[in-house]
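Here the structure is laid out as structure tokens; the discussion comes afterwards.
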Amino acid sequence: MRSRNLTRVWEGGNDLSCYTGAMDDPGFKDHLEQISERWARALAFAGYDAAIVTAGISRNYFLDDQSPPHRINPHFLQWCPSELAEGSALLIVPGRRSKLYFLQPDDYWHQAPELPGWAGEFEVEVCVDAAALLRNIERAALASGNHIAFVGEPGPGGPENFLTQDLNPSLLINHLHFERATKTAFELACMRAATAKAVRGHLAARAAFEQGLSEFQINLDYLAASEQLARELPYSNIVALNEHAGVLHYQHYDRSPPAEVRSFLIDAGGNHNGYAADITRTYASNPGSLFAELIGRLDAAQQSLIDHISPGTAYLDLHVDMHVRLAGILEEAGLVTCSAASAFEAGITETFLPHGLGHLIGLQTHDVGGQQSGIEGGVVPPPENYAALRLTRALEPGMPVTIEPGLYFIPQLLDRARNGASGDLIDWSLVDALIPFGGIRIEDNVVLTDDGVENLTRDAFGR
Ligand code: GLY
Ligand code: MN
Ligand code: MN
């Protein structure tokens, strides 16, 4: 089916019989309509007639002919949900059908991508040469108006003829990022599918932990059960036994299991059409241990917190509420010698939970726009003592977020607290005994609906 000409125009209409990869997710047409409307609003707001959005092209490592796996520009992916569109580009002109310039390289070293089934929603030009593709799309864009925005990475696969101020112009990008927090029905369906994959992986990982396998083997079992390659994951899996669970983004995979297995934290995700699931579970080897009790308490607090979400809830308030609840857990478990209220006031919970309660999630694990005040792009930073909080917006229906409280025993932070003003409010014999367990994180992905909260993660686990 491939032509040796530099480009050819595909005029197949909706006859996709010669192509594979039909879009089987519901609501894709409606999704495209909503995304088109968003782009029309954003382009008008920023003063542009049209936009070129490139998928991007991978870059080789320094002085090498190998490259890391390529990640498609999320702005492209939102229109064209294919990880196999490297080098392709989209021309968006409000009021017109968008046009996909699809790269099908004439390359006998690699398998060229098939044109996906959803391409029938676009006008399509198939190109076999990346540079010609860009020249063609730039020519077509300039024929549709004087003010063209370019959205994508500059450099190879980027524009040649665009002024710097038209590259990812902030007025346009901020508008798009702010609105991207709210997902379409298609996007939520993709996130449910990503969650289903991740949960299959989590169940296999738990079984591998219970068999006493190594971090390395647990990770392999996760990948196999979730049917994902490591490069397809939304982020590198965190597979942490014992004290490794106290390293927030633990990145290694020990090849051998430890002599004694006490605890297991797994933060591992799923990807469907570029949409992410981001899920963490923590397990104790001994169900009668204090560590197991703490997992149960944190789990209950997380679920109760989720029950309190309603339209307009400020995410910062949830984050603070979680610290208040964590102070209660510290008091009940005897980890502090003062009241929960005093522990909270003294900032002791910040030693045990140094990261934010969560973040927006979607095309990116940490989706963009979490601290934006509006479409124009102002920033609402978190308070200084909660500097790691990525999300300071109010929650609205259709805006998926993670809720991921933790309770960690991190030697560096504990040492600072031990020598700090509130050091004598902590029961160090209990806390020191918990350091070998690392820590706990429980992470669900939730979205407000018109009549409550959908917990994508617990629904997939069967609660
Ligand atoms: N997996 C990274 C995070 O939970 O934010
Ligand atoms: Mn997360
Ligand atoms: Mn996570």
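Chain lettering (A, B, ...) mirrors the order of the structure tokens, residue numbering begins at 1 for each chain separately, and ligand numbering begins at 1 in order of display.
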Inset, instruction - Give the strand (DSSP E or B) residues of segment 122-337 of chain A, as DSSP finds them on the backbone, and put them as JSON, numbers by chain. - result: {"A": [123, 124, 125, 126, 127, 148, 149, 150, 151, 167, 238, 239, 240, 241, 263, 264, 265, 266, 267, 268, 269, 270, 271, 272, 275, 276, 277, 278, 279, 280, 281, 282, 283, 284, 314, 336]}
Output file for the residues above (N, CA, C and O atoms, as a compact mmCIF listing (two decimals), in the first residue's frame):
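What landed in again-v7.txt:
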```txt
# COMPACT_ATOMS: atom_id res chain seq x y z
N GLU A 123 -8.99 14.89 7.35
CA GLU A 123 -8.40 14.88 6.01
C GLU A 123 -7.00 14.32 6.20
O GLU A 123 -6.35 14.64 7.21
N VAL A 124 -6.53 13.53 5.26
CA VAL A 124 -5.23 12.88 5.50
C VAL A 124 -4.31 13.04 4.30
O VAL A 124 -4.74 12.91 3.15
N GLU A 125 -3.05 13.34 4.59
CA GLU A 125 -2.01 13.26 3.57
C GLU A 125 -0.92 12.36 4.14
O GLU A 125 -0.40 12.64 5.22
N VAL A 126 -0.64 11.28 3.45
CA VAL A 126 0.42 10.38 3.90
C VAL A 126 1.72 10.80 3.25
O VAL A 126 1.78 11.01 2.03
N CYS A 127 2.76 10.94 4.06
CA CYS A 127 4.07 11.36 3.54
C CYS A 127 5.11 10.31 3.91
O CYS A 127 5.02 9.70 4.98
N ILE A 148 0.00 31.94 12.41
CA ILE A 148 0.01 30.49 12.63
C ILE A 148 0.80 30.19 13.89
O ILE A 148 1.95 30.64 14.02
N ALA A 149 0.21 29.42 14.78
CA ALA A 149 0.94 28.98 15.98
C ALA A 149 1.53 27.61 15.70
O ALA A 149 0.92 26.79 15.01
N PHE A 150 2.71 27.38 16.27
CA PHE A 150 3.34 26.07 16.16
C PHE A 150 3.38 25.47 17.57
O PHE A 150 3.93 26.07 18.49
N VAL A 151 2.80 24.28 17.71
CA VAL A 151 2.76 23.63 19.03
C VAL A 151 3.53 22.32 18.94
O VAL A 151 3.06 21.36 18.32
N LEU A 167 6.13 30.00 18.56
CA LEU A 167 6.43 28.64 19.00
C LEU A 167 5.83 28.45 20.38
O LEU A 167 6.21 29.13 21.33
N ILE A 238 7.52 1.94 40.39
CA ILE A 238 8.23 1.95 41.68
C ILE A 238 7.87 0.65 42.38
O ILE A 238 6.70 0.42 42.72
N VAL A 239 8.86 -0.23 42.50
CA VAL A 239 8.64 -1.56 43.07
C VAL A 239 9.60 -1.69 44.24
O VAL A 239 10.79 -1.90 44.03
N ALA A 240 9.09 -1.52 45.45
CA ALA A 240 9.97 -1.27 46.59
C ALA A 240 9.67 -2.22 47.74
O ALA A 240 8.55 -2.21 48.28
N LEU A 241 10.67 -3.02 48.11
CA LEU A 241 10.54 -3.89 49.27
C LEU A 241 11.25 -3.24 50.46
O LEU A 241 12.29 -2.60 50.31
N SER A 263 7.76 -5.51 54.00
CA SER A 263 6.76 -4.61 53.42
C SER A 263 6.97 -4.50 51.92
O SER A 263 8.05 -4.80 51.40
N PHE A 264 5.92 -4.05 51.26
CA PHE A 264 6.00 -3.91 49.79
C PHE A 264 5.14 -2.72 49.36
O PHE A 264 3.95 -2.66 49.67
N LEU A 265 5.79 -1.75 48.69
CA LEU A 265 5.06 -0.62 48.10
C LEU A 265 5.23 -0.69 46.58
O LEU A 265 6.35 -0.81 46.09
N ILE A 266 4.12 -0.66 45.88
CA ILE A 266 4.20 -0.63 44.41
C ILE A 266 3.37 0.54 43.88
O ILE A 266 2.17 0.66 44.16
N ASP A 267 4.05 1.41 43.15
CA ASP A 267 3.41 2.55 42.48
C ASP A 267 3.61 2.30 40.99
O ASP A 267 4.70 2.47 40.46
N ALA A 268 2.57 1.80 40.34
CA ALA A 268 2.71 1.35 38.95
C ALA A 268 1.44 1.68 38.18
O ALA A 268 0.34 1.61 38.72
N GLY A 269 1.62 2.02 36.92
CA GLY A 269 0.49 2.58 36.17
C GLY A 269 0.11 1.81 34.93
O GLY A 269 0.59 0.72 34.65
N GLY A 270 -0.79 2.43 34.21
CA GLY A 270 -1.27 1.87 32.95
C GLY A 270 -1.43 2.99 31.94
O GLY A 270 -1.55 4.17 32.30
N ASN A 271 -1.41 2.58 30.67
CA ASN A 271 -1.52 3.56 29.59
C ASN A 271 -2.48 3.00 28.55
O ASN A 271 -2.32 1.87 28.09
N HIS A 272 -3.46 3.81 28.19
CA HIS A 272 -4.35 3.42 27.10
C HIS A 272 -4.56 4.64 26.20
O HIS A 272 -5.03 5.68 26.68
N TYR A 275 -3.40 7.83 27.68
CA TYR A 275 -3.98 8.29 28.95
C TYR A 275 -3.48 7.40 30.08
O TYR A 275 -3.34 6.18 29.91
N ALA A 276 -3.24 8.02 31.23
CA ALA A 276 -2.53 7.34 32.32
C ALA A 276 -3.45 6.89 33.44
O ALA A 276 -4.48 7.51 33.72
N ALA A 277 -3.03 5.80 34.09
CA ALA A 277 -3.50 5.44 35.43
C ALA A 277 -2.26 5.49 36.31
O ALA A 277 -1.17 5.14 35.87
N ASP A 278 -2.41 5.92 37.56
CA ASP A 278 -1.29 6.10 38.49
C ASP A 278 -1.76 5.56 39.83
O ASP A 278 -2.54 6.21 40.53
N ILE A 279 -1.29 4.36 40.17
CA ILE A 279 -1.88 3.62 41.30
C ILE A 279 -0.79 3.14 42.25
O ILE A 279 0.22 2.58 41.80
N THR A 280 -1.01 3.32 43.54
CA THR A 280 -0.06 2.79 44.54
C THR A 280 -0.81 1.95 45.56
O THR A 280 -1.89 2.32 46.02
N ARG A 281 -0.19 0.83 45.91
CA ARG A 281 -0.68 -0.01 47.00
C ARG A 281 0.50 -0.39 47.87
O ARG A 281 1.64 -0.49 47.39
N THR A 282 0.22 -0.60 49.17
CA THR A 282 1.27 -1.01 50.11
C THR A 282 0.77 -2.21 50.89
O THR A 282 -0.41 -2.26 51.28
N TYR A 283 1.65 -3.16 51.10
CA TYR A 283 1.30 -4.41 51.79
C TYR A 283 2.30 -4.69 52.91
O TYR A 283 3.48 -4.33 52.81
N ALA A 284 1.82 -5.38 53.95
CA ALA A 284 2.68 -5.83 55.05
C ALA A 284 2.79 -7.35 55.00
O ALA A 284 1.80 -8.03 54.70
N ALA A 314 -11.70 22.90 47.25
CA ALA A 314 -10.33 23.35 46.94
C ALA A 314 -9.38 22.21 47.26
O ALA A 314 -9.41 21.67 48.37
N VAL A 336 3.30 9.78 68.23
CA VAL A 336 3.61 11.07 68.87
C VAL A 336 3.14 10.99 70.32
O VAL A 336 2.21 10.24 70.66
```
Inset, instruction - Can you check which residues of segment 44-287 of chain A DSSP gives as alpha helix (DSSP H) on the backbone and send them as a VMD selection string? - result: chain A and resid 44 to 46 74 to 79 130 to 143 170 to 180 185 to 210 215 to 226
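Nearest to Asp49 of chain A of all the residues A:Ser36, A:Gln66, A:Asn146, A:Asn445 is A:Asn146, counting only C-alpha atoms.
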Legend entry - Which of A:Ile348, A:Ile375, A:Ala300, A:Ala46 sits closest to Ala421 of chain A [using only C-alpha atoms]: A:Ile348
Legend entry - Ser256 of chain A environment, 9 Å, only C-alpha atoms, sequence neighbours closer than 6 positions dropped, as a list in words: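 Contacts, in chain order: Leu213, Ser214, Glu215, Phe216 and Gln217 of chain A.
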Inset, instruction - Find the residues near ligand 2. Use a cut-off of 10 Å, count only C-alpha atoms and all ligand atoms, and write them as a VMD selection string. - result: chain A and resid 235 267 to 269 277 to 280 356 to 361 365 to 367 401 to 405 441 to 445
Inset, instruction - Counting only C-alpha atoms, figure out which residue out of A:Pro169, A:Pro69, A:Pro81, A:Gly120 gets nearest to Ala51 of chain A. - result: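 Distance minimum relative to Ala51 of chain A lands on A:Pro169.
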Inset, instruction - Tell me which of A:Leu434, A:Leu395, A:Leu413, A:Val380 sits closest to Ala333 of chain A, counting only C-alpha atoms. - result: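 Distance minimum relative to Ala333 of chain A lands on A:Leu434.
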Legend entry - For Asn242 of chain A: contacts at 9 Å, only C-alpha atoms, fewer than 6 positions along chain excluded, given as a PyMOL selection string: chain A and resi 258+260-265+435-439
Give me the residues within 12 Å of Arg297 of chain A as a JSON list (two decimals) with N, CA and C atoms, in the first residue's frame, counting only C-alpha atoms and dropping any in the same chain fewer than 2 places off.
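Below is the file part.json, written as the result:
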```
[["chain", "number", "residue", "atom", "x", "y", "z"],
["A", 290, "LEU", "N", 2.31, -3.57, 63.62],
["A", 290, "LEU", "CA", 1.94, -2.15, 63.67],
["A", 290, "LEU", "C", 1.92, -1.56, 62.26],
["A", 291, "PHE", "N", 2.85, -1.99, 61.43],
["A", 291, "PHE", "CA", 2.89, -1.47, 60.06],
["A", 291, "PHE", "C", 1.58, -1.81, 59.32],
["A", 292, "ALA", "N", 1.11, -3.04, 59.49],
["A", 292, "ALA", "CA", -0.16, -3.44, 58.86],
["A", 292, "ALA", "C", -1.31, -2.59, 59.39],
["A", 293, "GLU", "N", -1.27, -2.32, 60.69],
["A", 293, "GLU", "CA", -2.33, -1.48, 61.28],
["A", 293, "GLU", "C", -2.29, -0.07, 60.68],
["A", 294, "LEU", "N", -1.08, 0.44, 60.49],
["A", 294, "LEU", "CA", -0.96, 1.79, 59.91],
["A", 294, "LEU", "C", -1.48, 1.81, 58.47],
["A", 295, "ILE", "N", -1.23, 0.74, 57.72],
["A", 295, "ILE", "CA", -1.77, 0.67, 56.34],
["A", 295, "ILE", "C", -3.29, 0.77, 56.41],
["A", 299, "ASP", "N", -5.49, 3.77, 54.82],
["A", 299, "ASP", "CA", -6.45, 3.40, 53.79],
["A", 299, "ASP", "C", -7.85, 3.95, 54.14],
["A", 300, "ALA", "N", -8.24, 3.78, 55.40],
["A", 300, "ALA", "CA", -9.56, 4.27, 55.84],
["A", 300, "ALA", "C", -9.62, 5.79, 55.73],
["A", 301, "ALA", "N", -8.54, 6.46, 56.12],
["A", 301, "ALA", "CA", -8.52, 7.93, 56.07],
["A", 301, "ALA", "C", -8.60, 8.41, 54.63],
["A", 302, "GLN", "N", -7.91, 7.72, 53.74],
["A", 302, "GLN", "CA", -7.94, 8.12, 52.32],
["A", 302, "GLN", "C", -9.36, 8.00, 51.77],
["A", 303, "GLN", "N", -10.02, 6.89, 52.09],
["A", 303, "GLN", "CA", -11.38, 6.70, 51.55],
["A", 303, "GLN", "C", -12.36, 7.70, 52.14],
["A", 304, "SER", "N", -12.20, 7.98, 53.40],
["A", 304, "SER", "CA", -13.09, 8.96, 54.04],
["A", 304, "SER", "C", -12.87, 10.35, 53.43],
["A", 325, "ARG", "N", -5.84, 14.49, 59.41],
["A", 325, "ARG", "CA", -6.17, 13.08, 59.64],
["A", 325, "ARG", "C", -4.90, 12.27, 59.98],
["A", 326, "LEU", "N", -3.80, 12.62, 59.31],
["A", 326, "LEU", "CA", -2.55, 11.90, 59.57],
["A", 326, "LEU", "C", -2.09, 12.15, 61.01],
["A", 327, "ALA", "N", -2.29, 13.37, 61.49],
["A", 327, "ALA", "CA", -1.94, 13.67, 62.88],
["A", 327, "ALA", "C", -2.75, 12.77, 63.81],
["A", 328, "GLY", "N", -4.01, 12.54, 63.45],
["A", 328, "GLY", "CA", -4.85, 11.63, 64.25],
["A", 328, "GLY", "C", -4.28, 10.22, 64.26],
["A", 329, "ILE", "N", -3.83, 9.77, 63.11],
["A", 329, "ILE", "CA", -3.25, 8.42, 63.02],
["A", 329, "ILE", "C", -1.98, 8.33, 63.87],
["A", 330, "LEU", "N", -1.15, 9.37, 63.80],
["A", 330, "LEU", "CA", 0.10, 9.37, 64.58],
["A", 330, "LEU", "C", -0.22, 9.28, 66.08],
["A", 331, "GLU", "N", -1.26, 10.01, 66.49],
["A", 331, "GLU", "CA", -1.63, 9.97, 67.92],
["A", 331, "GLU", "C", -2.18, 8.59, 68.29],
["A", 332, "GLU", "N", -3.12, 8.09, 67.48],
["A", 332, "GLU", "CA", -3.76, 6.81, 67.81],
["A", 332, "GLU", "C", -2.74, 5.67, 67.86],
["A", 333, "ALA", "N", -1.74, 5.73, 66.98],
["A", 333, "ALA", "CA", -0.74, 4.66, 66.94],
["A", 333, "ALA", "C", 0.39, 4.88, 67.94],
["A", 405, "PRO", "N", -2.31, 9.84, 49.78],
["A", 405, "PRO", "CA", -1.63, 10.12, 51.05],
["A", 405, "PRO", "C", -0.54, 9.09, 51.32],
["A", 406, "GLY", "N", 0.43, 9.50, 52.11],
["A", 406, "GLY", "CA", 1.50, 8.59, 52.50],
["A", 406, "GLY", "C", 1.83, 8.74, 53.97],
["A", 407, "LEU", "N", 2.58, 7.78, 54.47],
["A", 407, "LEU", "CA", 3.10, 7.82, 55.85],
["A", 407, "LEU", "C", 4.44, 7.09, 55.78],
["A", 440, "ILE", "N", 4.39, 3.93, 53.58],
["A", 440, "ILE", "CA", 3.09, 3.54, 53.02],
["A", 440, "ILE", "C", 2.64, 4.64, 52.07],
["A", 441, "ARG", "N", 2.11, 4.24, 50.93],
["A", 441, "ARG", "CA", 1.37, 5.18, 50.06],
["A", 441, "ARG", "C", 0.19, 4.42, 49.51],
["A", 442, "ILE", "N", -0.95, 5.10, 49.47],
["A", 442, "ILE", "CA", -2.15, 4.51, 48.89],
["A", 442, "ILE", "C", -2.69, 5.53, 47.91]]
```
Inset, instruction - Give me the residues within 7 Å of Ala204 of chain A as an MDAnalysis selection string, counting only C-alpha atoms and dropping any in the same chain fewer than 2 places off. - result: chainID A and resid 200:202 206:208 221:222 225
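Closest approach to Gln412 of chain A among A:Asn136, A:Phe352, A:Arg71, A:Thr449: A:Phe352, based on only C-alpha atoms.
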Legend entry - Among listed residues A:Pro113, A:Pro154, A:Pro94, A:Pro234, nearest ligand 3 (using only C-alpha atoms and all ligand atoms):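 Among the listed residues, A:Pro234 lies closest to ligand 3.
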Inset, instruction - For Ile426 of chain A, please output as a list of chain:residue names all residues within 6 Å (counting only C-alpha atoms; exclusion window: fewer than 3 positions along the same chain). - result: A:Leu335, A:Val336, A:Thr337, A:Gly423
Mind dumping the selected residues with C-alpha atoms as a CSV table (one decimal), in the first residue's frame?
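Listed below is the output, out-v3.csv:
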```csv
chain,number,residue,atom,x,y,z
A,335,LEU,CA,4.0,7.6,67.3
A,336,VAL,CA,3.6,11.1,68.9
A,337,THR,CA,3.5,11.7,72.6
A,423,GLY,CA,11.7,16.2,68.4
```
Inset, instruction - Quick one: pull the distance between atom CA of His147 of chain A and atom CA of Glu37 of chain A, Å, one decimal. - result: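 Atom CA of His147 of chain A sits 18.6 Å away from atom CA of Glu37 of chain A.
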